[in-house]
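First the structure, in the form of structure tokens, and then the observations on it.
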Amino acid sequence: MLTGFGNNYLQEFSDYIALETGLFFPEERWNDMERNLRSISKDFGYNDVKSFVRWIASGKCSKEQIEIMAHHLTVGETYFFREKNCFEILRKQLIPELIKLRENNIRTIRIWSAGCCTGEEAYSVAILLKELIPDIHRWSISILGTDLNTKFLKKAERGIYSVWSFRENSDWIQEKYFKKHGHNEFEIIPAIRNMVKFSYLNLVEDAFPSLLTGTHSIDFLFCRNVLMYFSNETARKIINRFYKSITDEGWLLLSSVETNIIRDMQLNAVMISGQTFYRKNLEKYHAADSNVAESFPFYTDEAKVDELPVFHFIEEAKDNVETIIPEGIVHAKKEAVPVDGDKELYREATEDFEQGNYGKAIEKLQTLVSKNHGRNAAAAMLLAKSYANQGNLLEAYNMIELALKTDRTNVEYHFYHATILQAAGKMTEALESFRKVLFLDHDLVVAHFAIASILQNIGKQKEAQKYYNNSLSLLEKYDDDDVLTASEGITAGRLKKIILAVNHHK
């Protein structure tokens, strides 16, 4: 709570907002903060800043009002293909390398724009992928944009932008991927808009990685000009969770002004044409520095853009899932009694998983699962999560099926089974599986929320609202700080906030 005014009110407010939101304003940025404070105080009905600060000091400020303040204190200003050299490196080197790695395997690419603002960055990546992948309809592409500013999210979902969002870009981008909308505005074409999903997420308070929020197994995680608003301690906590969210071949992209935050952390810096990128596993990356040109835009033909279908998990792989589980494991019926060595290996695997070292966790868990002929359901479950966080949904599906063969009544296993189907784009099967979860436990809040999310994404808004309402009703039984069952760390208070934000910005 704020305690003082006079000459110290900026210090008081800076300390308060840091405590409540993680946003950090050192003294050299107080002029900017004070300017924003004047705007915020007027929005809250106060004519002067000190009266507004006095109201905050009274302790009557709600969490929702605090986040409104946070919206005002962060800059919501971006444009398409911002930082050209970064996108040129992605186009010429990093994305082609990933395409080559995946094209003869499971064709998945997962992108997360954290702090996406009004969506220009996420849509820029979608356009880039469309340019680079001729058979993109055969790939499972996931592009997620998250922000805590619901006004930004609403604009992003509309996909309508002024000329100012296209500065420093060539005309062909507007001509090929946008259509005129009124005077001096442009609307992104449905083929690109449908590639991107926008969602509410608070980097300080919300749990990730998570299958439930789509913040798992990320190949390219953009978080540019966001961490600069946090203290170094808060930023480092966020980066540690980013580390867990990206695949072993995954990349973290920060802005040039944020690179000092990441020193001495697990991620490895890779310098490419004067641009620093961060990679989880350098052992698998030895590409030479390519001489990326400064020229822009990237090459493009003038062919008419085809409408893209909704992206789904590759059918051929999914349909053959049962044949991949080793014989002898499929028919396991009973949980094996683990010996002490098994317990120690499982503890080590759990520690690896929690640190984001999924490859190491998988090696240990494979040993446990094989040793016990598939009867160690807990190991199979953790192995499923490890595979999922690496982006290998097929093996994740195999392992969760294995866990269920051992323990058919475990609600969390059934929930994770449904969540993997959802992550794989198998929405019909996921809905059926989530409804089985509710048959086992009708009060499982996250299952109602998951069903609502799927129904909303497929355009069944009225049905979705019923399940959102169910979720909110069930949440009344919990304290805000209670961690929800099967939620991967999401508290009741945060899920309530997410639901209210989703309904607000739609």
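Residues are named by chain letter and number: chains run A, B, ... in the order of the structure tokens, numbers start at 1 in each chain, and ligands are numbered from 1 in the order shown.
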Non-local contacts of A:Ala235 (9 Å; only C-alpha atoms; under 5 positions in same chain excluded) as a short mmCIF file (atom, residue, chain, number, x, y, z; two decimals) with N, CA and C atoms, in the first residue's frame:
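Written file, selection36.cif:
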```cif
data_model
loop_
_atom_site.label_atom_id
_atom_site.label_comp_id
_atom_site.auth_asym_id
_atom_site.auth_seq_id
_atom_site.Cartn_x
_atom_site.Cartn_y
_atom_site.Cartn_z
N GLY A 22 4.88 -6.45 -11.31
CA GLY A 22 6.21 -6.81 -11.79
C GLY A 22 6.82 -5.76 -12.69
N VAL A 204 3.71 -12.54 -15.66
CA VAL A 204 4.16 -12.55 -14.28
C VAL A 204 3.36 -13.56 -13.45
N LEU A 227 10.25 -7.42 -21.78
CA LEU A 227 10.97 -7.65 -20.53
C LEU A 227 11.59 -6.37 -19.99
N MET A 228 11.79 -5.39 -20.84
CA MET A 228 12.36 -4.11 -20.41
C MET A 228 11.48 -3.41 -19.38
N TYR A 229 10.22 -3.79 -19.29
CA TYR A 229 9.31 -3.18 -18.32
C TYR A 229 9.35 -3.84 -16.95
N PHE A 230 10.10 -4.95 -16.84
CA PHE A 230 10.17 -5.67 -15.58
C PHE A 230 11.52 -5.48 -14.90
N ASN A 240 13.31 -18.04 -17.36
CA ASN A 240 13.43 -19.44 -16.92
C ASN A 240 12.22 -20.25 -17.37
N ILE A 261 19.74 -8.83 -19.94
CA ILE A 261 18.96 -9.53 -18.91
C ILE A 261 19.30 -11.01 -18.85
N ILE A 262 19.70 -11.58 -19.99
CA ILE A 262 19.79 -13.03 -20.14
C ILE A 262 21.18 -13.58 -19.85
#
```
Stretch 122-276 of chain A: residues DSSP assigns to strand (DSSP E or B), reported as a PyMOL selection string:
chain A and resi 140-147+160-162+178-180+185-188+196-200+218-222+230+246-253+268-272+275-276
Prev. selection, C-alpha atoms, output as a JSON list (two decimals), in the first residue's frame:
```json
[["chain", "number", "residue", "atom", "x", "y", "z"],
["A", 140, "SER", "CA", 0.34, -28.21, -38.51],
["A", 141, "ILE", "CA", 1.06, -24.55, -37.82],
["A", 142, "SER", "CA", 0.34, -22.94, -34.45],
["A", 143, "ILE", "CA", 0.89, -19.21, -33.96],
["A", 144, "LEU", "CA", -0.14, -17.85, -30.56],
["A", 145, "GLY", "CA", -0.23, -14.19, -29.57],
["A", 146, "THR", "CA", -0.72, -13.36, -25.89],
["A", 147, "ASP", "CA", -1.06, -10.11, -23.98],
["A", 160, "ILE", "CA", -7.62, -4.02, -39.21],
["A", 161, "TYR", "CA", -4.67, -1.63, -39.34],
["A", 162, "SER", "CA", -3.85, 1.91, -40.42],
["A", 178, "PHE", "CA", -4.67, -7.24, -46.96],
["A", 179, "LYS", "CA", -7.81, -5.72, -48.41],
["A", 180, "LYS", "CA", -8.92, -2.12, -48.17],
["A", 185, "GLU", "CA", -7.22, 1.15, -43.27],
["A", 186, "PHE", "CA", -6.40, -2.39, -44.30],
["A", 187, "GLU", "CA", -7.87, -5.72, -43.11],
["A", 188, "ILE", "CA", -5.76, -8.86, -43.11],
["A", 196, "VAL", "CA", -3.12, -16.96, -35.55],
["A", 197, "LYS", "CA", -4.85, -17.37, -32.19],
["A", 198, "PHE", "CA", -4.84, -14.54, -29.65],
["A", 199, "SER", "CA", -5.28, -15.13, -25.94],
["A", 200, "TYR", "CA", -5.06, -13.33, -22.60],
["A", 218, "ILE", "CA", 7.50, -23.63, -28.86],
["A", 219, "ASP", "CA", 9.95, -23.44, -31.78],
["A", 220, "PHE", "CA", 10.24, -19.63, -31.95],
["A", 221, "LEU", "CA", 9.30, -17.55, -28.92],
["A", 222, "PHE", "CA", 9.15, -13.81, -29.59],
["A", 230, "PHE", "CA", 10.17, -5.67, -15.58],
["A", 246, "ILE", "CA", 10.65, -24.04, -26.00],
["A", 247, "THR", "CA", 11.73, -27.27, -27.66],
["A", 248, "ASP", "CA", 15.31, -28.54, -27.59],
["A", 249, "GLU", "CA", 15.77, -26.91, -31.01],
["A", 250, "GLY", "CA", 13.78, -23.83, -29.96],
["A", 251, "TRP", "CA", 14.78, -20.17, -30.15],
["A", 252, "LEU", "CA", 14.03, -17.15, -27.96],
["A", 253, "LEU", "CA", 13.99, -13.77, -29.70],
["A", 268, "ASN", "CA", 22.87, -20.02, -25.31],
["A", 269, "ALA", "CA", 23.55, -16.90, -27.38],
["A", 270, "VAL", "CA", 24.05, -17.36, -31.14],
["A", 271, "MET", "CA", 25.26, -14.35, -33.13],
["A", 272, "ILE", "CA", 24.00, -14.25, -36.72],
["A", 275, "GLN", "CA", 21.78, -10.16, -34.39],
["A", 276, "THR", "CA", 21.71, -12.18, -31.16]]
```
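The residue that comes closest to A:Trp139, out of A:Ala424, A:Ile40, A:Leu368, A:Leu440 and on the basis of only C-alpha atoms, is A:Ala424.
In this model, the gap between atom CA of A:Ile458 and atom CA of A:Leu444 comes to 22.2 Å.
Using only C-alpha atoms, the nearest neighbour of A:Thr213 within the list A:Lys63, A:Trp112, A:Leu267, A:Ser256 is A:Trp112.
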Do a neighbour search on A:His442 at 12 Å with only C-alpha atoms, toss out local chain neighbours closer than 3 positions, and write the hits as an mmCIF file with C-alpha atoms, in the first residue's frame.
```cif
data_model
loop_
_atom_site.group_PDB
_atom_site.id
_atom_site.type_symbol
_atom_site.label_atom_id
_atom_site.label_comp_id
_atom_site.auth_asym_id
_atom_site.auth_seq_id
_atom_site.Cartn_x
_atom_site.Cartn_y
_atom_site.Cartn_z
ATOM 1 C CA VAL A 411 -9.130 -38.290 -14.077
ATOM 2 C CA PHE A 434 -13.170 -33.942 -22.372
ATOM 3 C CA ARG A 435 -16.801 -34.996 -21.953
ATOM 4 C CA LYS A 436 -15.573 -38.388 -20.707
ATOM 5 C CA VAL A 437 -13.529 -36.462 -18.162
ATOM 6 C CA LEU A 438 -16.671 -34.676 -16.952
ATOM 7 C CA PHE A 439 -18.438 -38.036 -16.692
ATOM 8 C CA VAL A 445 -13.129 -26.790 -13.630
ATOM 9 C CA VAL A 446 -10.400 -26.987 -16.257
ATOM 10 C CA ALA A 447 -12.413 -29.511 -18.284
ATOM 11 C CA HIS A 448 -15.352 -27.091 -18.534
ATOM 12 C CA TYR A 467 -19.278 -23.962 -20.250
ATOM 13 C CA ASN A 470 -20.074 -23.513 -15.547
ATOM 14 C CA SER A 471 -16.396 -22.769 -14.955
ATOM 15 C CA LEU A 474 -17.415 -23.900 -9.940
#
```
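Contact shell of A:Leu132 at 9 Å (only C-alpha atoms; same-chain neighbours under 4 positions omitted): Arg91, Ile95, Pro96, Ile99, Ile127, Leu128 and Ile136 of chain A.
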Selection to disk with N, CA and C atoms, as an mmCIF file, in the first residue's frame:
```
data_model
loop_
_atom_site.group_PDB
_atom_site.id
_atom_site.type_symbol
_atom_site.label_atom_id
_atom_site.label_comp_id
_atom_site.auth_asym_id
_atom_site.auth_seq_id
_atom_site.Cartn_x
_atom_site.Cartn_y
_atom_site.Cartn_z
ATOM 1 N N ARG A 91 13.952 -15.743 -42.234
ATOM 2 C CA ARG A 91 13.584 -16.177 -43.582
ATOM 3 C C ARG A 91 14.688 -16.973 -44.267
ATOM 4 N N ILE A 95 14.204 -20.461 -40.066
ATOM 5 C CA ILE A 95 12.981 -21.194 -40.415
ATOM 6 C C ILE A 95 13.263 -22.265 -41.470
ATOM 7 N N PRO A 96 14.052 -21.982 -42.539
ATOM 8 C CA PRO A 96 14.389 -23.068 -43.480
ATOM 9 C C PRO A 96 15.064 -24.258 -42.802
ATOM 10 N N ILE A 99 12.289 -26.203 -41.160
ATOM 11 C CA ILE A 99 11.477 -26.874 -42.177
ATOM 12 C C ILE A 99 12.189 -28.144 -42.657
ATOM 13 N N ILE A 127 2.644 -14.535 -42.289
ATOM 14 C CA ILE A 127 2.950 -14.189 -43.687
ATOM 15 C C ILE A 127 4.276 -14.817 -44.110
ATOM 16 N N LEU A 128 5.267 -14.754 -43.231
ATOM 17 C CA LEU A 128 6.576 -15.318 -43.526
ATOM 18 C C LEU A 128 6.485 -16.817 -43.783
ATOM 19 N N ILE A 136 1.978 -25.579 -47.350
ATOM 20 C CA ILE A 136 1.679 -25.271 -45.953
ATOM 21 C C ILE A 136 0.416 -25.972 -45.443
#
```
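Relative to atom CA of A:Phe13, atom CA of A:Val53 is found at 7.3 Å.
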Might you pull out every residue within 9 Å of stretch 480-493 of chain A, with only C-alpha atoms counted and same-chain residues fewer than 5 positions away left off, and present them as a PyMOL selection string?
chain A and resi 205-212+411-413+415-416+444-447+475+498
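Proximity to A:Ser273 was assessed for A:Glu34, A:Glu88, A:Glu432, A:Asp407 counting only C-alpha atoms; the smallest distance is recorded for A:Glu88.
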